[in-house]
Amino acid sequence: MSHSALLDPPTRAAAAPDAPRGPRTRSPRRRRGEQLQGWALTAPAAVLIALFFVLPFGLTVWMSFFDWPTFGTPTPIGFENYADLASDPKFGEAVLFTVGYTLVTSVIGILLSLGLALLVRPRFPGRTAVRALLFAPVTIGFAPAGLLWLAMSNARTGVLPDLFAKLGLAPAGVDWFAEPTTTLALVVVMTVWKTAGLAMLVLLTGMDSIPGEIYEAAKLDGANAWTTLTRITLPLIVKPLSLVILLTVTTTFLSFDQFFTMTKGGPDGSTVTVVYYLYNAAFVSLDRGYAAAVAVVVVLIMAIISIAQVRLQRGRKAEA
Amino acid sequence: MTTQALHARQARGIRRSRIQAQDHSRNPIRIIVAIVLAALFAFPIVWTTIGAFKSPTEANASPPVWWPSTLTLENFAKLDGTGSSLLVYVLNSVAVTTMTVLITTVAAVLAGYALARYRFRGQNAFFGVTIGMLLVPYPALLVSLFTVMVWFGLTNSLFGLALIYSTFQMPFAIYMMRNSFESVPDELIEAAELDGCTKFSALPRVILPLVAPGVVTVALFAFLAAWNEFLAALVLLNDNPSFTLPIALVNAQNGPLNTIDWGALQAGITVTMLPCVILFILLQRYYVSGLVAGTGK
């Protein structure tokens, strides 16, 4: 114990209860030492969280009640930022667009990843490589991935328009980023490509813990593939599946990088997400107080989504 | 034959039948579909990597050149012309990522150990706040984080960025480390204490090697997050020599005269994405164990 005596004297005293300078009983002293050490060990993390999470979180709420210019003194204006927010049709549009984008991306992404998980669950030659390739896009950041798809689908040098034209699926020389529909479709495809592997892997961890005997019994009872899926696999992966849904919905709702790199919110502001709106308010219009109000609303929306999800899951559990 | 051996044999038997029933497929359609899908998913990565090594003329050709006639490094060199040199951006990203990995791992190991092995006042509140962070999306905090960083004199600072990244790694990292430490048997720590270790000195000598997989997982997630993060870097770094790779890429995309040099862009993307893909392939099982921990099993 000598090597650490300098580091933590309280424990040294606690570990040597017979020492002459320990008049009290062993346990309170030990408890106090443990207390101090516990605090000391959590201190680095606690300081980080206090300075870079709690402080900015409090400040966001505080700022949202001010007219907060980048230079000069902030002036308190009550709920005016929130009133402005409610009356700005652009914000409503951003929310609606983000909800729509989230729904489309989540449904396609979750169905695809469920399909992928079922496909690569059994052993077959090359399974490990297939799984790794399906997952590889997950490790790439959204910004480089967005630029990558921009490079692949731009009208001039992109390989995808070229390929589609050669296969006769689309006319040649059309700029996909000029139309809101094709632009959005590209972002959805890119997001699904980048996230499906992660959802697949989470679902696989759930499927791997289903005992094989259950499937054997089902087989003996003559259950077909569809019955096996809906009656055995899906009910037994409810937990990872709801985690996947929560993760997909929340991360998609907060999308920014892929829109910033691929569409810049265009064409004609048709692809501005909520976070993009927040970014514009804070760092383009430099209206910090207003942006803070947007941020508070975003936090509330996310909290509602998370609570709704937990409620739904609990409700389902209670039914079962 | 001992009962143990019998049990083992039974277990193997069950395993084998399970493999036959569900875990094995020789269905050629499944294999073909799986390989086609894997190829489709890998195609963008392969296409971009090849594009990076095309000559600048071929990389910017319209219609695109499918297969390069020669492989060159010219696109990587051209990236230097877009501001500071590519090497500066790579080093910036390496610096932010290294600092994030170190700060995250140290803070999470210490806090995780405290939560798993010590009893102290405020313990539950601390853990509650940490997990509660997951409810607050960090883009929502950027407005005020910018102000906070001005107060601390940490704008345009890679260290400041690493502190923010580490903070937002805390929920996953602390949860992961707490679970890792809780799964170490009590007897081991008691034995270490009998051998003259204190609870604290047992950490590096006895316990840390046992939770090494958890540490690697935490470090891997911190690496991927810091290397790829975009929005905070975009907001907090304003001067070109301090840009990280993702920001430098966007800058290269908005090149002079608003024309995009697709070859240089693909070279930059390749430098940004390949380390992550390679690291994942090397450390796959740690990623998966992190996911399993995340799903709460």
# chains A, B, ... in the order shown; residues from 1 in each chain; ligands from 1
call {"tool": "closest_atom_pairs", "arguments": {"of": "chain A", "to": "chain B", "cutoff": "6 Å", "atoms": "only C-alpha atoms", "output": "CSV"}}
result
residue,atom,partner,partner_atom,distance
A:Met1,CA,B:Gly196,CA,5.0
A:Gln35,CA,B:Phe120,CA,4.5
A:Gly38,CA,B:Ala114,CA,5.2
A:Leu41,CA,B:Leu110,CA,5.0
A:Thr42,CA,B:Ala111,CA,4.3
A:Pro44,CA,B:Ala107,CA,5.5
A:Ala45,CA,B:Ala107,CA,5.1
A:Leu48,CA,B:Thr167,CA,5.6
A:Ile49,CA,B:Thr167,CA,5.8
A:Pro56,CA,B:Ser144,CA,5.2
A:Thr60,CA,B:Ser144,CA,5.5
A:Pro122,CA,B:Asp23,CA,4.3
A:Arg123,CA,B:His24,CA,4.5
A:Phe124,CA,B:Ser25,CA,5.5
A:Val130,CA,B:Ala38,CA,5.5
A:Leu133,CA,B:Ala38,CA,5.5
A:Leu134,CA,B:Ala38,CA,5.4
A:Ala136,CA,B:Val277,CA,5.9
A:Thr139,CA,B:Cys276,CA,5.6
A:Ile140,CA,B:Met273,CA,5.3
A:Gly141,CA,B:Asn228,CA,4.5
A:Pro144,CA,B:Ile269,CA,5.6
A:Arg156,CA,B:Ser62,CA,5.4
A:Thr157,CA,B:Ser62,CA,4.9
A:Gly212,CA,B:Arg18,CA,4.9
A:Ala295,CA,B:Ala140,CA,4.5
A:Val299,CA,B:Val136,CA,5.8
call {"tool": "select_by_dssp", "arguments": {"residues": "region 89-227 of chain A", "states": "alpha helix (DSSP H)", "output": "VMD selection string"}}
result
chain A and resid 89 to 120 127 to 135 142 to 153 159 to 166 180 to 208 212 to 220 225 to 227
call {"tool": "closest_residue", "arguments": {"among": "B:Ser180, B:Leu208, B:Asn156, B:Ala52", "to": "Ala151 (chain A)", "atoms": "only C-alpha atoms"}}
result
B:Ala52
call {"tool": "residues_around", "arguments": {"residues": "Ala178 (chain A)", "least_positions_apart": "4", "cutoff": "10 Å", "atoms": "only C-alpha atoms", "output": "list of chain:residue names"}}
result
A:Ala155, A:Val174, A:Thr182, A:Thr183, A:Thr263, A:Gly266, A:Pro267, A:Asp268
call {"tool": "closest_residue", "arguments": {"among": "B:Ala162, B:Ala125, B:Ala116, B:Met99", "to": "Ala46 (chain A)", "atoms": "only C-alpha atoms"}}
result
B:Ala125
call {"tool": "residues_around", "arguments": {"residues": "Val216 (chain B)", "least_positions_apart": "4", "cutoff": "10 Å", "atoms": "only C-alpha atoms", "output": "PyMOL selection string"}}
result
chain B and resi 101+105+211-212+220-222+283+286-287+290
call {"tool": "write_last_selection", "arguments": {"atoms": "C-alpha atoms", "output": "compact mmCIF listing (two decimals), in the first residue's frame"}}
result
# COMPACT_ATOMS: atom_id res chain seq x y z
CA VAL B 101 -9.66 9.78 -27.16
CA THR B 105 -10.89 7.41 -21.84
CA VAL B 211 -11.59 -4.11 -18.48
CA ALA B 212 -9.28 -3.48 -21.44
CA LEU B 220 -12.92 3.54 -30.68
CA PHE B 221 -16.26 5.35 -30.34
CA ALA B 222 -14.44 8.52 -29.25
CA LEU B 283 -11.50 -3.46 -34.22
CA TYR B 286 -15.04 -3.99 -29.96
CA TYR B 287 -17.56 -2.03 -31.96
CA GLY B 290 -20.07 -1.51 -27.58
call {"tool": "select_by_dssp", "arguments": {"residues": "region 62-168 of chain A", "states": "strand (DSSP E or B)", "output": "short mmCIF file (atom, residue, chain, number, x, y, z; two decimals) with N, CA and C atoms, in the first residue's frame"}}
result
data_model
loop_
_atom_site.label_atom_id
_atom_site.label_comp_id
_atom_site.auth_asym_id
_atom_site.auth_seq_id
_atom_site.Cartn_x
_atom_site.Cartn_y
_atom_site.Cartn_z
N PHE A 66 -33.74 36.76 -24.47
CA PHE A 66 -33.02 38.02 -24.71
C PHE A 66 -32.91 38.33 -26.20
N ASP A 67 -32.76 39.63 -26.47
CA ASP A 67 -32.27 40.01 -27.78
C ASP A 67 -30.75 40.03 -27.63
N THR A 75 -30.46 42.53 -24.34
CA THR A 75 -31.59 43.12 -23.62
C THR A 75 -32.69 42.08 -23.46
N PRO A 76 -33.25 41.99 -22.23
CA PRO A 76 -34.31 41.00 -21.99
C PRO A 76 -35.58 41.39 -22.74
N ARG A 123 -25.25 -18.57 -40.97
CA ARG A 123 -23.90 -18.70 -41.52
C ARG A 123 -23.97 -19.06 -42.99
#
call {"tool": "residues_around", "arguments": {"residues": "Phe253 (chain A)", "least_positions_apart": "3", "cutoff": "6 Å", "atoms": "only C-alpha atoms", "output": "list in words"}}
result
Thr102, Val249 and Thr250 of chain A
call {"tool": "residues_around", "arguments": {"residues": "region 68-74 of chain A", "least_positions_apart": "3", "cutoff": "7 Å", "atoms": "only C-alpha atoms", "output": "list of chain:residue names"}}
result
A:Met63, A:Leu286, A:Asp287, A:Arg288, A:Gly289
call {"tool": "residues_around", "arguments": {"residues": "region 273-283 of chain A", "least_positions_apart": "2", "cutoff": "6 Å", "atoms": "only C-alpha atoms", "output": "PyMOL selection string"}}
result
chain A and resi 94-95+98+254+256+285-288+291
